[in-house]
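K.L.:
Below you'll find model.txt; it's compact mmCIF, C-alpha atoms and all ligand atoms.
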```
# COMPACT_ATOMS: atom_id res chain seq x y z
CA MET A 1 0.00 0.00 0.00
CA SER A 2 1.57 3.29 -1.06
CA SER A 3 1.27 6.80 0.31
CA LYS A 4 -0.45 7.67 -2.91
CA ASP A 5 -3.18 5.14 -2.07
CA TRP A 6 -3.60 6.80 1.30
CA ILE A 7 -3.93 10.24 -0.20
CA GLU A 8 -6.33 9.20 -2.90
CA LYS A 9 -8.51 6.66 -1.15
CA ASP A 10 -11.20 7.59 1.32
CA TYR A 11 -11.22 4.61 3.65
CA TYR A 12 -13.92 6.15 5.80
CA ALA A 13 -16.24 6.27 2.82
CA ALA A 14 -15.28 2.71 1.91
CA LEU A 15 -16.44 1.56 5.34
CA GLY A 16 -19.41 3.91 5.34
CA VAL A 17 -18.42 5.64 8.59
CA GLU A 18 -17.78 9.21 9.70
CA LYS A 19 -14.24 10.43 10.22
CA SER A 20 -15.09 10.70 13.87
CA ALA A 21 -16.24 7.06 14.13
CA SER A 22 -15.05 5.10 17.15
CA SER A 23 -12.98 1.97 16.63
CA ASP A 24 -16.04 -0.07 17.60
CA GLU A 25 -18.15 1.61 14.96
CA ILE A 26 -15.48 0.98 12.38
CA LYS A 27 -15.19 -2.66 13.36
CA LYS A 28 -18.96 -3.15 13.26
CA SER A 29 -19.34 -1.52 9.87
CA TYR A 30 -16.42 -3.50 8.49
CA ARG A 31 -17.90 -6.81 9.64
CA LYS A 32 -21.25 -6.03 8.10
CA LEU A 33 -19.79 -4.92 4.76
CA ALA A 34 -17.28 -7.76 4.64
CA ARG A 35 -20.06 -10.27 5.24
CA GLU A 36 -22.26 -8.76 2.55
CA SER A 37 -19.56 -8.56 -0.09
CA HIS A 38 -17.69 -11.74 0.71
CA PRO A 39 -16.91 -13.73 -2.48
CA ASP A 40 -18.28 -16.89 -0.89
CA HIS A 41 -21.68 -15.24 -0.62
CA ASN A 42 -21.48 -13.71 -4.08
CA PRO A 43 -19.98 -16.40 -6.31
CA GLY A 44 -19.00 -15.10 -9.76
CA ASP A 45 -19.75 -11.45 -8.91
CA PRO A 46 -16.63 -9.39 -9.72
CA LYS A 47 -18.17 -6.20 -8.30
CA ALA A 48 -18.74 -7.82 -4.93
CA GLU A 49 -15.16 -9.04 -5.01
CA GLU A 50 -13.94 -5.49 -5.70
CA ARG A 51 -16.01 -4.19 -2.82
CA PHE A 52 -14.73 -6.88 -0.52
CA LYS A 53 -11.14 -5.95 -1.40
CA ALA A 54 -11.79 -2.25 -0.85
CA VAL A 55 -13.43 -2.89 2.49
CA SER A 56 -10.58 -5.12 3.64
CA GLU A 57 -7.98 -2.60 2.56
CA ALA A 58 -9.80 0.19 4.37
CA TYR A 59 -10.10 -1.82 7.56
CA ALA A 60 -6.44 -2.83 7.50
CA VAL A 61 -5.73 0.88 8.00
CA LEU A 62 -8.66 2.23 10.00
CA GLY A 63 -8.83 -0.87 12.20
CA ASP A 64 -5.30 -0.14 13.42
CA GLU A 65 -5.15 2.88 15.74
CA LYS A 66 -1.58 3.73 14.75
CA LYS A 67 -2.11 3.37 11.02
CA ARG A 68 -5.37 5.26 11.28
CA ARG A 69 -3.60 8.20 12.88
CA GLU A 70 -0.93 8.16 10.22
CA TYR A 71 -3.56 7.95 7.54
CA ASP A 72 -5.52 10.86 9.04
CA GLU A 73 -2.36 12.88 9.34
CA MET A 74 -1.32 12.27 5.77
CA ARG A 75 -4.77 12.99 4.45
CA SER A 76 -4.99 16.19 6.42
CA LEU A 77 -1.65 17.38 5.13
CA PHE A 78 -1.93 16.33 1.52
CA GLY A 79 -5.43 15.13 0.88
CA SER A 80 -8.30 17.11 -0.59
CA GLY A 81 -9.80 17.28 2.89
CA ALA A 82 -7.07 19.65 3.96
CA PHE A 83 -8.33 22.51 1.84
CA ARG A 84 -11.72 22.51 3.40
CA ARG A 85 -10.32 22.50 6.90
CA ASN A 86 -7.76 25.17 6.16
CA ALA A 87 -10.43 27.45 4.78
CA ARG A 88 -12.51 27.04 7.86
CA GLY A 89 -9.72 27.33 10.39
CA ALA A 90 -7.85 30.17 8.79
CA GLY A 91 -9.14 32.83 11.16
CA GLN A 92 -8.80 30.88 14.34
CA PRO A 93 -6.65 32.23 17.14
CA GLY A 94 -3.27 30.63 17.46
CA GLY A 95 -3.07 29.95 13.76
CA MET A 96 -4.19 26.37 14.03
CA PRO A 97 -4.75 25.28 10.48
CA PHE A 98 -7.77 23.21 11.33
CA ASP A 99 -10.11 21.94 13.95
CA VAL A 100 -8.28 19.36 15.97
CA SER A 101 -11.35 17.53 17.17
CA ASP A 102 -12.15 16.91 13.56
CA LEU A 103 -8.97 14.99 13.15
CA PHE A 104 -9.09 12.91 16.24
CA GLY A 105 -12.74 12.09 16.27
CA GLY A 106 -13.79 13.80 19.44
CA GLY A 107 -12.28 13.99 22.87
CA ALA A 108 -12.58 10.35 23.87
CA ALA A 109 -9.36 9.19 22.29
CA GLY A 110 -7.65 12.56 22.48
CA GLY A 111 -7.28 12.93 26.21
CA GLU A 112 -5.69 9.58 26.55
CA ALA A 113 -3.45 9.97 23.58
CA ARG A 114 -1.88 13.11 25.06
CA PHE A 115 0.01 11.01 27.51
CA GLY A 116 0.76 8.00 25.36
CA GLY A 117 3.89 7.58 23.31
CA GLY A 118 3.19 8.34 19.68
CA GLY A 119 -0.16 9.88 20.56
CA LEU A 120 -1.65 13.27 20.14
CA GLY A 121 1.49 15.07 21.25
CA ASP A 122 3.65 13.61 18.53
CA LEU A 123 0.99 14.16 15.99
CA PHE A 124 0.53 17.75 17.08
CA SER A 125 4.17 18.46 16.83
CA SER A 126 4.49 16.94 13.41
CA ILE A 127 1.51 18.80 12.05
CA PHE A 128 1.82 22.18 13.66
CA THR A 129 5.30 22.97 12.53
CA GLY A 130 5.68 26.53 13.68
CA GLY A 131 2.12 27.65 14.07
CA GLY A 132 0.69 26.99 10.64
CA ALA A 133 0.35 30.60 9.48
CA GLY A 134 -1.06 30.92 6.01
CA GLY A 135 -2.71 27.54 6.12
CA ALA A 136 -0.49 25.87 3.53
CA ALA A 137 0.66 22.40 4.46
CA ARG A 138 4.36 22.21 5.16
CA PRO A 139 6.50 19.16 4.75
CA ARG A 140 7.63 17.54 7.97
CA GLY A 141 10.57 19.38 9.45
CA PRO A 142 11.98 19.06 12.94
CA ALA A 143 8.83 18.72 14.98
CA ARG A 144 7.67 21.64 17.10
CA GLY A 145 7.11 20.89 20.77
CA ARG A 146 3.66 20.71 22.23
CA ASP A 147 1.95 23.77 23.74
CA VAL A 148 1.40 23.41 27.46
CA GLU A 149 -1.42 24.92 29.48
CA THR A 150 -1.43 25.44 33.20
CA GLU A 151 -3.36 27.42 35.80
CA VAL A 152 -2.04 29.62 38.58
CA ALA A 153 -3.92 31.22 41.49
CA LEU A 154 -2.49 34.57 42.61
CA ASP A 155 -3.18 36.46 45.80
CA PHE A 156 -4.92 39.76 45.19
CA PRO A 157 -2.01 42.03 46.21
CA ASP A 158 0.42 39.99 44.07
CA ALA A 159 -1.82 40.42 41.05
CA VAL A 160 -1.99 44.19 41.65
CA ARG A 161 1.73 44.70 42.23
CA GLY A 162 3.04 41.98 39.93
CA VAL A 163 4.97 38.97 41.14
CA THR A 164 7.48 36.36 40.01
CA LEU A 165 6.55 32.84 40.98
CA PRO A 166 8.22 29.49 40.45
CA LEU A 167 5.90 27.30 38.42
CA THR A 168 6.29 23.56 38.58
CA LEU A 169 5.09 21.75 35.49
CA ARG A 170 4.56 18.06 35.14
CA ALA A 171 4.39 16.77 31.62
CA PRO A 172 4.91 13.51 29.81
CA GLY A 173 8.36 13.16 28.30
CA VAL A 174 10.53 10.57 26.65
CA CYS A 175 12.36 8.26 29.06
CA ASP A 176 16.05 9.21 29.14
CA THR A 177 17.15 5.73 30.14
CA CYS A 178 15.81 3.88 27.10
CA HIS A 179 15.27 6.89 24.81
CA GLY A 180 11.66 5.91 24.48
CA ASN A 181 11.86 2.37 23.13
CA GLY A 182 11.02 0.83 26.49
CA ALA A 183 13.84 -1.72 26.42
CA LYS A 184 16.33 -2.23 29.25
CA PRO A 185 19.64 -0.49 28.41
CA GLY A 186 21.82 -2.87 26.40
CA THR A 187 18.80 -4.65 24.92
CA GLN A 188 16.58 -3.82 21.94
CA PRO A 189 12.90 -4.35 21.25
CA VAL A 190 12.38 -7.45 19.11
CA ALA A 191 9.85 -8.23 16.40
CA CYS A 192 6.55 -9.37 17.87
CA PRO A 193 6.42 -13.18 17.68
CA VAL A 194 2.66 -13.17 17.11
CA CYS A 195 2.39 -10.81 14.14
CA HIS A 196 6.04 -11.08 13.03
CA GLY A 197 6.42 -7.34 13.13
CA ALA A 198 3.40 -6.48 11.02
CA GLY A 199 1.37 -5.08 13.91
CA VAL A 200 -1.75 -6.69 12.43
CA THR A 201 -3.06 -10.20 12.73
CA THR A 202 -5.56 -11.99 10.51
CA ARG A 203 -8.19 -14.07 12.15
CA ASN A 204 -10.37 -16.58 10.31
CA GLN A 205 -13.96 -16.83 11.30
CA GLY A 206 -16.27 -19.01 9.27
CA SER A 207 -15.60 -18.47 5.62
CA PHE A 208 -13.95 -15.05 5.89
CA SER A 209 -11.11 -13.41 7.72
CA PHE A 210 -10.55 -10.25 9.73
CA SER A 211 -7.51 -8.07 9.98
CA GLU A 212 -7.10 -6.57 13.40
CA PRO A 213 -4.37 -4.89 15.42
CA CYS A 214 -2.10 -7.46 17.02
CA ARG A 215 -3.14 -7.91 20.64
CA ASN A 216 0.27 -9.08 21.71
CA CYS A 217 2.07 -5.86 20.73
CA GLN A 218 -0.95 -3.46 20.55
CA GLY A 219 -0.22 -2.97 16.86
CA VAL A 220 3.31 -1.66 17.38
CA GLY A 221 5.01 -4.66 15.73
CA THR A 222 7.72 -4.98 18.35
CA VAL A 223 7.80 -6.17 21.93
CA VAL A 224 10.22 -5.52 24.76
CA GLU A 225 11.66 -8.64 26.37
CA GLU A 226 13.48 -6.92 29.22
CA LYS A 227 11.70 -3.79 30.34
CA CYS A 228 13.46 -0.52 31.00
CA PRO A 229 13.52 -0.17 34.81
CA GLU A 230 12.94 3.58 34.62
CA CYS A 231 9.68 3.61 32.63
CA GLN A 232 8.57 -0.02 33.08
CA GLY A 233 8.72 -0.50 29.34
CA THR A 234 6.33 2.28 28.36
CA GLY A 235 9.05 4.53 26.95
CA GLY A 236 7.48 7.54 28.64
CA VAL A 237 7.96 9.17 32.02
CA THR A 238 6.43 12.14 33.77
CA LYS A 239 8.94 14.93 33.90
CA THR A 240 8.91 17.82 36.32
CA ARG A 241 10.42 21.18 35.51
CA THR A 242 10.33 24.50 37.28
CA LEU A 243 10.06 27.87 35.57
CA ASN A 244 10.15 31.33 37.10
CA VAL A 245 7.22 33.19 35.63
CA ARG A 246 6.83 36.96 35.88
CA PHE A 247 3.24 38.12 36.29
CA PRO A 248 3.03 41.83 35.41
CA ALA A 249 1.39 44.34 37.76
CA GLY A 250 -2.33 44.44 37.15
CA VAL A 251 -2.69 40.92 35.80
CA ALA A 252 -6.40 40.16 35.88
CA ASP A 253 -8.51 37.19 36.85
CA GLY A 254 -9.20 35.07 33.76
CA GLN A 255 -6.22 36.45 31.84
CA ARG A 256 -4.05 34.08 29.83
CA ILE A 257 -0.34 34.69 29.68
CA ARG A 258 1.64 33.26 26.78
CA LEU A 259 5.28 32.41 27.29
CA ALA A 260 6.65 31.76 23.83
CA GLY A 261 8.98 28.81 23.60
CA ARG A 262 8.42 27.68 27.20
CA GLY A 263 6.22 24.71 26.30
CA GLU A 264 7.52 21.27 25.57
CA PRO A 265 10.84 21.04 23.77
CA GLY A 266 10.72 20.17 20.09
CA GLU A 267 11.78 16.83 18.71
CA ARG A 268 15.26 16.54 17.28
CA GLY A 269 16.06 20.23 17.68
CA GLY A 270 12.65 21.50 16.57
CA PRO A 271 11.25 24.70 18.09
CA ALA A 272 9.67 24.46 21.52
CA GLY A 273 5.95 24.90 22.02
CA ASP A 274 4.44 27.73 24.02
CA LEU A 275 3.35 27.80 27.63
CA PHE A 276 -0.07 29.27 28.38
CA VAL A 277 -0.73 30.23 31.97
CA HIS A 278 -4.34 30.84 32.96
CA VAL A 279 -4.46 33.29 35.85
CA LYS A 280 -6.93 33.09 38.69
CA VAL A 281 -6.89 35.93 41.22
CA ARG A 282 -8.10 35.16 44.72
CA PRO A 283 -10.54 37.80 45.93
CA ASP A 284 -9.34 40.20 48.63
CA GLU A 285 -11.34 40.61 51.83
CA LEU A 286 -11.26 44.40 51.57
CA PHE A 287 -10.47 45.54 48.07
CA GLY A 288 -12.16 44.96 44.77
CA ARG A 289 -10.87 45.85 41.35
CA THR A 290 -12.21 47.44 38.18
CA GLY A 291 -9.50 47.51 35.55
CA ASP A 292 -6.62 49.45 37.06
CA ASP A 293 -8.75 51.01 39.80
CA LEU A 294 -9.08 49.44 43.23
CA THR A 295 -12.39 49.75 45.03
CA LEU A 296 -13.19 49.96 48.72
CA THR A 297 -16.42 50.56 50.62
CA VAL A 298 -16.18 52.62 53.83
CA PRO A 299 -19.04 52.95 56.33
CA ILE A 300 -19.62 56.45 57.77
CA THR A 301 -22.19 57.77 60.25
CA PHE A 302 -25.02 60.10 59.31
CA ALA A 303 -23.35 62.83 61.38
CA GLU A 304 -20.06 62.40 59.45
CA ALA A 305 -21.93 62.63 56.16
CA VAL A 306 -23.78 65.76 57.25
CA LEU A 307 -21.02 67.58 59.10
CA GLY A 308 -18.08 66.35 57.01
CA THR A 309 -14.93 64.61 58.28
CA ASP A 310 -11.43 63.48 57.39
CA LEU A 311 -11.32 59.73 56.79
CA ARG A 312 -8.20 57.67 57.11
CA VAL A 313 -8.60 54.61 54.89
CA PRO A 314 -6.24 51.75 53.99
CA THR A 315 -4.66 51.42 50.56
CA LEU A 316 -2.91 48.27 49.41
CA ASP A 317 0.43 49.62 50.66
CA GLY A 318 -0.44 52.03 53.46
CA THR A 319 -3.10 54.57 54.28
CA VAL A 320 -4.50 57.72 52.76
CA THR A 321 -6.61 60.51 54.29
CA LEU A 322 -9.69 61.56 52.35
CA ARG A 323 -11.76 64.70 52.95
CA VAL A 324 -15.50 64.02 53.24
CA PRO A 325 -17.11 67.44 52.64
CA PRO A 326 -20.16 68.49 54.71
CA GLY A 327 -23.42 67.35 53.13
CA THR A 328 -22.03 64.27 51.39
CA PRO A 329 -24.78 61.83 50.30
CA SER A 330 -24.57 58.09 50.88
CA GLY A 331 -23.05 56.25 47.93
CA ARG A 332 -20.72 59.13 46.97
CA VAL A 333 -17.41 57.87 45.54
CA LEU A 334 -14.18 59.54 46.62
CA ARG A 335 -11.05 59.09 44.57
CA ALA A 336 -7.52 58.60 45.91
CA ARG A 337 -5.41 59.27 42.83
CA GLY A 338 -2.60 56.87 41.95
CA LYS A 339 -3.44 54.39 44.69
CA GLY A 340 -4.62 51.70 42.28
CA VAL A 341 -2.64 49.38 40.03
CA VAL A 342 0.73 50.89 39.09
CA ARG A 343 1.67 49.75 35.59
CA LYS A 344 5.18 49.22 34.29
CA ASP A 345 5.09 52.52 32.37
CA GLY A 346 4.33 54.39 35.60
CA ARG A 347 0.67 55.02 34.86
CA ALA A 348 -1.52 54.17 37.80
CA GLY A 349 -5.16 53.57 38.53
CA ASP A 350 -6.98 55.12 41.49
CA LEU A 351 -8.48 53.88 44.71
CA LEU A 352 -12.24 54.47 44.53
CA VAL A 353 -13.80 54.77 47.97
CA THR A 354 -17.57 54.36 48.15
CA LEU A 355 -19.14 55.98 51.24
CA ASP A 356 -21.88 53.97 52.89
CA VAL A 357 -23.96 55.90 55.43
CA VAL A 358 -24.85 53.46 58.18
CA VAL A 359 -28.23 53.66 59.93
CA PRO A 360 -27.94 52.59 63.59
CA ALA A 361 -30.34 49.79 64.54
CA THR A 362 -30.53 50.91 68.17
CA LEU A 363 -30.04 54.24 69.93
CA SER A 364 -29.29 55.30 73.50
CA ASP A 365 -31.95 57.44 75.18
CA GLU A 366 -29.76 60.52 74.82
CA ALA A 367 -29.16 59.89 71.17
CA ARG A 368 -32.85 59.31 70.56
CA ALA A 369 -33.77 62.57 72.31
CA ALA A 370 -31.16 64.46 70.31
CA LEU A 371 -32.41 62.91 67.08
CA GLU A 372 -36.01 63.83 67.86
CA THR A 373 -34.88 67.41 68.44
CA PHE A 374 -33.00 67.23 65.17
CA ALA A 375 -36.13 65.96 63.38
CA GLU A 376 -38.21 68.82 64.70
CA GLN A 377 -35.66 71.28 63.38
CA THR A 378 -35.41 69.70 59.93
CA PRO A 379 -37.74 70.21 56.95
CA PRO A 380 -39.31 67.01 55.61
CA ALA A 381 -37.62 65.14 52.78
CA ALA A 382 -38.52 66.36 49.30
CA ARG A 383 -41.18 63.92 48.17
CA GLU A 384 -43.55 66.30 46.37
CA HIS A 385 -42.79 64.72 43.01
CA LEU A 386 -44.26 61.46 44.30
CA ASP A 387 -47.39 62.94 45.85
CA ALA A 388 -49.50 63.18 42.70
CA ARG A 389 -48.93 59.53 41.97
CA VAL A 390 -49.68 58.51 45.55
CA ARG A 391 -52.95 60.50 45.57
CA ARG A 392 -54.14 58.72 42.43
CA PHE A 393 -54.33 55.48 44.42
CA SER A 394 -55.78 56.82 47.67
ZN ZN B 401 2.33 -8.23 17.35
ZN ZN B 402 12.63 3.76 29.75
```
Take the structure in the file and write it out as structure tokens.
P.N.:
Amino acid sequence: MSSKDWIEKDYYAALGVEKSASSDEIKKSYRKLARESHPDHNPGDPKAEERFKAVSEAYAVLGDEKKRREYDEMRSLFGSGAFRRNARGAGQPGGMPFDVSDLFGGGAAGGEARFGGGGLGDLFSSIFTGGGAGGAARPRGPARGRDVETEVALDFPDAVRGVTLPLTLRAPGVCDTCHGNGAKPGTQPVACPVCHGAGVTTRNQGSFSFSEPCRNCQGVGTVVEEKCPECQGTGGVTKTRTLNVRFPAGVADGQRIRLAGRGEPGERGGPAGDLFVHVKVRPDELFGRTGDDLTLTVPITFAEAVLGTDLRVPTLDGTVTLRVPPGTPSGRVLRARGKGVVRKDGRAGDLLVTLDVVVPATLSDEARAALETFAEQTPPAAREHLDARVRRFS
């Protein structure tokens, strides 16, 4: 079977399944079609024989997870399908040339493959060589490393002032002891004795036969006789690395920081992927934030609002004294300039202080007497504009 066959032939159509079909769906469809078109059931029918051959050929590829991925990859890079996907994905952020879920048939297989050798990660790196700008398929160069995503929770003051934090990342990597082949140092993987290296076995059932991935070697074609002690023969290990990441002053909750080239290293000298850090900011017990402004609510008494006062309020780094002028209404916002987020270029937001006039729930006798005197001396609140409407309903 040549690469040309792979590019030209639509094996999904041959098996009558969607590109996103699960391996079970593929197997089921293959069995049905193989049964229907089997030469034994259609003696002397050359068309049925053709169909049977096409179905078998398709299943030999799609029935093998590894070959299916290679087939999908090749078709997406060179096949007619690529043009459609490129057109659709051209405007997507990050320059991905196409919808990944399309290629891998939904999330079910994808999540697992991320951590398997030869899975999604490898495929990613071989397809997305350098970000895929322009949408044209590139030949395989040194593979770009995988992008890595992680999440960090910052304390409120750190997010306002900016902070550098060590970030520990755990990611799958190739075992250094066996260089990924899973064999104990000094030994080599050997051809699988069951499939003789083909990765596929043929099983006879009744009058026809199935091709299926070799169960002994999971379709790889080789087996490890003495396992690498480091990775237990899987070829992969979880690697830990620590990066110091600078979060700029004013970084906001929900923001995503991109660190170019700090993702997974590329294969064989290829460019590294990017690291994306999703920022969560823990709420502060006192301060809130709107853009570069900090917000704070300060309770004041009715007397302070009426007579005016000087208020000493906290900022993130100290205190500031604000003048409350006589006759200040509840809800008035005072502004302490430059006490918000200070950006790198020196520009700063403000601290916005909202005054909240507190109504006492209980009063001492003296206070009550004073308030009653006050009430007698005060004109009623201006409610004339409501009176007409009230009268209409009385
Ligand atoms: Zn095998
Ligand atoms: Zn190993």
K.L.:
At a cut-off of 6 Å around ligand ZN 401 (chain B), and using all atoms listed in the file, what residues come up? Please write them as a list in words.
P.N.:
Cys192, Val194, Cys195, Gly197, Gly199, Cys214, Asn216, Cys217, Gly219 and Gly221 of chain A
K.L.:
Can you write just those residues out, C-alpha atoms, as a PDB file, in the frame of the given file?
P.N.:
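The file below, out-v7.pdb, is the result:
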```pdb
ATOM      1  CA  CYS A 192       6.550  -9.370  17.870  1.00  0.00           C
ATOM      2  CA  VAL A 194       2.660 -13.170  17.110  1.00  0.00           C
ATOM      3  CA  CYS A 195       2.390 -10.810  14.140  1.00  0.00           C
ATOM      4  CA  GLY A 197       6.420  -7.340  13.130  1.00  0.00           C
ATOM      5  CA  GLY A 199       1.370  -5.080  13.910  1.00  0.00           C
ATOM      6  CA  CYS A 214      -2.100  -7.460  17.020  1.00  0.00           C
ATOM      7  CA  ASN A 216       0.270  -9.080  21.710  1.00  0.00           C
ATOM      8  CA  CYS A 217       2.070  -5.860  20.730  1.00  0.00           C
ATOM      9  CA  GLY A 219      -0.220  -2.970  16.860  1.00  0.00           C
ATOM     10  CA  GLY A 221       5.010  -4.660  15.730  1.00  0.00           C
TER      11      GLY A 221
END
```
K.L.:
Here is a test: counting only C-alpha atoms, which residue of A:Gly327, A:Val279, A:Arg35, A:His196 is nearest to Phe247 of chain A?
P.N.:
A:Val279
K.L.:
Between A:Thr362, A:Thr187, A:Thr373, A:Asn181, which is the closest to ligand ZN 402 (chain B) once you count only C-alpha atoms and all ligand atoms?
P.N.:
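Among the listed residues, A:Asn181 lies closest to ligand ZN 402 (chain B).
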K.L.:
Quick one: residues within 12 Å of ligand ZN 402 (chain B), with only C-alpha atoms and all ligand atoms, as an MDAnalysis selection string?
P.N.:
chainID A and resid 117 173:189 224 226:238
K.L.:
Give me, as a list in words, all polymer residues having an atom no more than 6 Å from Asp356 of chain A, counting only C-alpha atoms and skipping those fewer than 4 positions away in the same chain.
P.N.:
Val298, Pro299, Ile300, Ser330 and Gly331 of chain A
K.L.:
Show me, as an mmCIF file with C-alpha atoms, keeping the file's coordinate frame, the residues that have an atom within 7 Å of Gly63 of chain A when counting all atoms listed in the file, minus same-chain residues fewer than 5 positions from it.
P.N.:
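Dumped everything to result-v4.cif:
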```cif
data_model
loop_
_atom_site.group_PDB
_atom_site.id
_atom_site.type_symbol
_atom_site.label_atom_id
_atom_site.label_comp_id
_atom_site.auth_asym_id
_atom_site.auth_seq_id
_atom_site.Cartn_x
_atom_site.Cartn_y
_atom_site.Cartn_z
ATOM 1 C CA SER A 23 -12.980 1.970 16.630
ATOM 2 C CA ILE A 26 -15.480 0.980 12.380
ATOM 3 C CA LYS A 27 -15.190 -2.660 13.360
ATOM 4 C CA GLU A 212 -7.100 -6.570 13.400
ATOM 5 C CA PRO A 213 -4.370 -4.890 15.420
#
```
K.L.:
Hey, what's within 10 Å of segment 148-154 of chain A if we count all atoms listed in the file and toss same-chain stuff fewer than 6 positions away? As an NGL selection string, please?
P.N.:
:A and (160 or 162-163 or 165 or 167-171 or 247 or 251-254 or 256-259 or 262-264 or 273-283)
K.L.:
Got a sec: who's within 8 Å of Tyr12 of chain A, counting all atoms listed in the file, leaving out chain neighbours fewer than 6 positions off, as a ChimeraX atom specification?
P.N.:
/A:18-19,58,62
